[in-house]
Amino acid sequence: MDNIDLQIIKFLNEDGRTPFSQIAQRLNVSTGMIRQRYHRLVQDGVLQVVAVTNPMLMGFTTMAHIGVKADGRRLREIADQIAAFEEVIYLVLLSGSYDLHIEVVCRDNAHLLEFLTDKLNSVEGVKDTETFICMRIAKEVYTWTGYLDAKNHVQDPGQK
């Protein structure tokens with residue numbers, strides 16, 4: 001990854017529909033270079049251009065974060081089972097008091113209860129859960145582009 005890759009990501013974060021020709025013009029490089037780098041970034045899993053939805057405006061009124069304590073000997077298997085549930089939109093393995101942190105989107109509280117009792121707590125190896133219902137999203141960011149200094153150059157993550 002270099003400055004051009006980071007700038008491509010930055011422009012696409014601002015508007016994922018920005019034409020390659022416009023990005024190339026702004027970076028003073030060829031359109032072919034932008035196209036080639038874009039495809040490499042996508043293929044390498046660095047970049048994904050998607051439509052971001054707001055579940056609350058789509059009729060899913062209940063979002064929750066759930067801390068999960070699980071059997072550590074089967075942690076990856078348990079995580080894979082939970083990740084397969086359609087309600088789960090985010091799942092990470094943690095260190096600390098919880099083994100997993102998941103974020104779920106549900107139609108309403110009844111749907112959340114159904115998810116907790118019929119799905120999550122039926123996974124063998126789930127020992128304990130704590131549910132935090134989201135009241136309001138105060139900040140949600142999808143525009144992280146790496147470490148850029150004031151001149152839009154790659155900055156060493158150790159620098160301040």
# chains A, B, ... in the order shown; residues from 1 in each chain; ligands from 1
>>> residues_around(residues="range 87-92 of chain A", least_positions_apart="5", cutoff="8 Å", atoms="only C-alpha atoms", output="VMD selection string")
chain A and resid 79 82 100 to 106 115
>>> residues_around(residues="Trp144 in chain A", least_positions_apart="3", cutoff="12 Å", atoms="only C-alpha atoms", output="short mmCIF file (atom, residue, chain, number, x, y, z; two decimals) with C-alpha atoms, in the first residue's frame")
data_model
loop_
_atom_site.label_atom_id
_atom_site.label_comp_id
_atom_site.auth_asym_id
_atom_site.auth_seq_id
_atom_site.Cartn_x
_atom_site.Cartn_y
_atom_site.Cartn_z
CA LEU A 6 -4.71 5.33 0.24
CA GLN A 7 -5.95 8.24 -1.87
CA ILE A 9 -9.63 4.56 -0.76
CA LYS A 10 -10.15 8.13 0.49
CA PHE A 11 -11.96 9.22 -2.69
CA LEU A 12 -14.15 6.11 -2.71
CA ASN A 13 -14.99 6.66 0.97
CA GLU A 14 -16.28 10.11 0.06
CA VAL A 46 -8.39 -4.32 1.49
CA LEU A 47 -11.32 -2.51 -0.13
CA GLU A 140 -20.87 5.31 12.97
CA VAL A 141 -17.84 5.67 10.70
CA TYR A 147 -2.71 6.79 8.73
CA LEU A 148 -2.42 9.94 6.65
#
>>> select_by_dssp(residues="chain A", states="helix (DSSP H, G or I)", output="JSON, numbers by chain")
{"A": [3, 4, 5, 6, 7, 8, 9, 10, 11, 12, 13, 14, 20, 21, 22, 23, 24, 25, 26, 27, 31, 32, 33, 34, 35, 36, 37, 38, 39, 40, 41, 42, 43, 55, 56, 57, 58, 72, 73, 74, 75, 76, 77, 78, 79, 80, 81, 82, 83, 109, 110, 111, 112, 113, 114, 115, 116, 117, 118, 119, 120, 121, 122]}
>>> residues_around(residues="Glu130 in chain A", least_positions_apart="3", cutoff="9 Å", atoms="only C-alpha atoms", output="ChimeraX atom specification")
/A:65-69
>>> select_by_dssp(residues="range 26-140 of chain A", states="strand (DSSP E)", output="number ranges by chain")
A: 62-70, 88-93, 100-106, 126-133
>>> write_last_selection(atoms="C-alpha atoms", output="PDB file, in the first residue's frame")
ATOM      1  CA  THR A  62     -33.887  -3.250  17.764  1.00  0.00           C
ATOM      2  CA  MET A  63     -30.109  -3.345  17.641  1.00  0.00           C
ATOM      3  CA  ALA A  64     -28.063  -4.931  20.411  1.00  0.00           C
ATOM      4  CA  HIS A  65     -24.486  -5.707  21.349  1.00  0.00           C
ATOM      5  CA  ILE A  66     -23.974  -9.002  23.126  1.00  0.00           C
ATOM      6  CA  GLY A  67     -20.995 -10.145  25.144  1.00  0.00           C
ATOM      7  CA  VAL A  68     -20.610 -13.914  25.045  1.00  0.00           C
ATOM      8  CA  LYS A  69     -18.634 -16.182  27.359  1.00  0.00           C
ATOM      9  CA  ALA A  70     -17.917 -19.461  25.622  1.00  0.00           C
ATOM     10  CA  VAL A  88     -25.570 -11.138  13.384  1.00  0.00           C
ATOM     11  CA  ILE A  89     -23.947  -8.239  11.538  1.00  0.00           C
ATOM     12  CA  TYR A  90     -20.656  -8.064  13.450  1.00  0.00           C
ATOM     13  CA  LEU A  91     -18.697 -10.637  15.425  1.00  0.00           C
ATOM     14  CA  VAL A  92     -15.217 -10.485  16.940  1.00  0.00           C
ATOM     15  CA  LEU A  93     -13.224 -12.767  19.210  1.00  0.00           C
ATOM     16  CA  LEU A 100     -17.007 -12.926  21.752  1.00  0.00           C
ATOM     17  CA  HIS A 101     -18.689  -9.630  21.001  1.00  0.00           C
ATOM     18  CA  ILE A 102     -21.571  -9.687  18.563  1.00  0.00           C
ATOM     19  CA  GLU A 103     -23.854  -7.034  17.146  1.00  0.00           C
ATOM     20  CA  VAL A 104     -27.335  -8.023  16.033  1.00  0.00           C
ATOM     21  CA  VAL A 105     -30.170  -6.331  14.193  1.00  0.00           C
ATOM     22  CA  CYS A 106     -33.718  -7.495  14.943  1.00  0.00           C
ATOM     23  CA  VAL A 126     -22.175 -20.708  24.932  1.00  0.00           C
ATOM     24  CA  LYS A 127     -21.853 -20.347  28.702  1.00  0.00           C
ATOM     25  CA  ASP A 128     -23.169 -16.865  29.452  1.00  0.00           C
ATOM     26  CA  THR A 129     -24.322 -13.751  27.605  1.00  0.00           C
ATOM     27  CA  GLU A 130     -24.928 -10.105  28.443  1.00  0.00           C
ATOM     28  CA  THR A 131     -27.100  -8.034  26.128  1.00  0.00           C
ATOM     29  CA  PHE A 132     -26.820  -4.280  25.632  1.00  0.00           C
ATOM     30  CA  ILE A 133     -29.707  -2.760  23.647  1.00  0.00           C
TER      31      ILE A 133
END
>>> residues_around(residues="Pro19 in chain A", least_positions_apart="3", cutoff="12 Å", atoms="only C-alpha atoms", output="list in words")
Ile8, Phe11, Leu12, Asp15, Gly16, Gln22, Ile23, Ala24, Gln25, Arg26, Thr31, Gly32, Ile34, Arg35 and Tyr38 of chain A
>>> write_last_selection(atoms="N, CA, C and O atoms", output="PDB file, in the first residue's frame")
ATOM      1  N   ILE A   8      -6.957   6.536  -3.316  1.00  0.00           N
ATOM      2  CA  ILE A   8      -8.086   5.869  -3.988  1.00  0.00           C
ATOM      3  C   ILE A   8      -9.142   5.519  -2.948  1.00  0.00           C
ATOM      4  O   ILE A   8     -10.343   5.792  -3.126  1.00  0.00           O
ATOM      5  N   PHE A  11     -10.958   8.722  -1.744  1.00  0.00           N
ATOM      6  CA  PHE A  11     -11.958   9.223  -2.694  1.00  0.00           C
ATOM      7  C   PHE A  11     -13.198   8.333  -2.719  1.00  0.00           C
ATOM      8  O   PHE A  11     -14.326   8.833  -2.777  1.00  0.00           O
ATOM      9  N   LEU A  12     -13.007   7.017  -2.677  1.00  0.00           N
ATOM     10  CA  LEU A  12     -14.147   6.111  -2.708  1.00  0.00           C
ATOM     11  C   LEU A  12     -14.933   6.147  -1.397  1.00  0.00           C
ATOM     12  O   LEU A  12     -16.141   5.908  -1.398  1.00  0.00           O
ATOM     13  N   ASP A  15     -17.261   9.056  -1.894  1.00  0.00           N
ATOM     14  CA  ASP A  15     -18.343   8.675  -2.806  1.00  0.00           C
ATOM     15  C   ASP A  15     -17.905   7.421  -3.553  1.00  0.00           C
ATOM     16  O   ASP A  15     -17.046   7.491  -4.438  1.00  0.00           O
ATOM     17  N   GLY A  16     -18.477   6.292  -3.194  1.00  0.00           N
ATOM     18  CA  GLY A  16     -18.114   5.005  -3.782  1.00  0.00           C
ATOM     19  C   GLY A  16     -18.399   4.908  -5.274  1.00  0.00           C
ATOM     20  O   GLY A  16     -17.967   3.971  -5.925  1.00  0.00           O
ATOM     21  N   GLN A  22     -12.074  10.325 -12.884  1.00  0.00           N
ATOM     22  CA  GLN A  22     -12.029  11.497 -12.004  1.00  0.00           C
ATOM     23  C   GLN A  22     -10.956  11.332 -10.930  1.00  0.00           C
ATOM     24  O   GLN A  22     -10.227  12.278 -10.618  1.00  0.00           O
ATOM     25  N   ILE A  23     -10.851  10.130 -10.361  1.00  0.00           N
ATOM     26  CA  ILE A  23      -9.808   9.872  -9.358  1.00  0.00           C
ATOM     27  C   ILE A  23      -8.437  10.038 -10.003  1.00  0.00           C
ATOM     28  O   ILE A  23      -7.542  10.669  -9.436  1.00  0.00           O
ATOM     29  N   ALA A  24      -8.270   9.486 -11.210  1.00  0.00           N
ATOM     30  CA  ALA A  24      -6.986   9.580 -11.921  1.00  0.00           C
ATOM     31  C   ALA A  24      -6.610  11.033 -12.175  1.00  0.00           C
ATOM     32  O   ALA A  24      -5.452  11.423 -11.978  1.00  0.00           O
ATOM     33  N   GLN A  25      -7.575  11.805 -12.592  1.00  0.00           N
ATOM     34  CA  GLN A  25      -7.313  13.225 -12.864  1.00  0.00           C
ATOM     35  C   GLN A  25      -6.878  13.951 -11.595  1.00  0.00           C
ATOM     36  O   GLN A  25      -5.915  14.723 -11.615  1.00  0.00           O
ATOM     37  N   ARG A  26      -7.552  13.668 -10.487  1.00  0.00           N
ATOM     38  CA  ARG A  26      -7.212  14.340  -9.230  1.00  0.00           C
ATOM     39  C   ARG A  26      -5.847  13.913  -8.698  1.00  0.00           C
ATOM     40  O   ARG A  26      -5.176  14.674  -8.016  1.00  0.00           O
ATOM     41  N   THR A  31      -5.996   6.558 -15.876  1.00  0.00           N
ATOM     42  CA  THR A  31      -7.210   5.854 -15.462  1.00  0.00           C
ATOM     43  C   THR A  31      -6.928   4.364 -15.325  1.00  0.00           C
ATOM     44  O   THR A  31      -7.429   3.715 -14.397  1.00  0.00           O
ATOM     45  N   GLY A  32      -6.105   3.828 -16.227  1.00  0.00           N
ATOM     46  CA  GLY A  32      -5.747   2.410 -16.161  1.00  0.00           C
ATOM     47  C   GLY A  32      -5.055   2.054 -14.856  1.00  0.00           C
ATOM     48  O   GLY A  32      -5.281   0.978 -14.301  1.00  0.00           O
ATOM     49  N   ILE A  34      -5.508   3.523 -11.946  1.00  0.00           N
ATOM     50  CA  ILE A  34      -6.523   3.520 -10.900  1.00  0.00           C
ATOM     51  C   ILE A  34      -7.344   2.239 -10.977  1.00  0.00           C
ATOM     52  O   ILE A  34      -7.587   1.581  -9.959  1.00  0.00           O
ATOM     53  N   ARG A  35      -7.754   1.855 -12.180  1.00  0.00           N
ATOM     54  CA  ARG A  35      -8.549   0.645 -12.373  1.00  0.00           C
ATOM     55  C   ARG A  35      -7.777  -0.580 -11.872  1.00  0.00           C
ATOM     56  O   ARG A  35      -8.315  -1.415 -11.139  1.00  0.00           O
ATOM     57  N   TYR A  38      -7.454  -0.433  -8.055  1.00  0.00           N
ATOM     58  CA  TYR A  38      -8.757  -0.699  -7.451  1.00  0.00           C
ATOM     59  C   TYR A  38      -9.029  -2.206  -7.427  1.00  0.00           C
ATOM     60  O   TYR A  38      -9.394  -2.766  -6.386  1.00  0.00           O
TER      61      TYR A  38
END
>>> closest_residue(among="A:Asp108, A:Asp2, A:Tyr142, A:Glu114", to="Met58 in chain A", atoms="only C-alpha atoms")
A:Asp108
>>> closest_residue(among="A:Leu94, A:Ala84, A:Val50, A:Leu120", to="Gly72 in chain A", atoms="only C-alpha atoms")
A:Leu94
>>> atom_distance(atom1="CA of Val29 in chain A", atom2="CA of Gln48 in chain A")
22.0 Å
>>> atom_distance(atom1="CA of Ala83 in chain A", atom2="CA of Met56 in chain A")
21.1 Å
>>> closest_residue(among="A:Met33, A:Val49, A:Leu112, A:Cys134", to="Glu86 in chain A", atoms="only C-alpha atoms")
A:Leu112
>>> atom_distance(atom1="CA of Ile137 in chain A", atom2="CA of Phe60 in chain A")
13.5 Å
>>> closest_residue(among="A:Leu57, A:Met1, A:Ala110, A:Leu27", to="Asp44 in chain A", atoms="only C-alpha atoms")
A:Met1
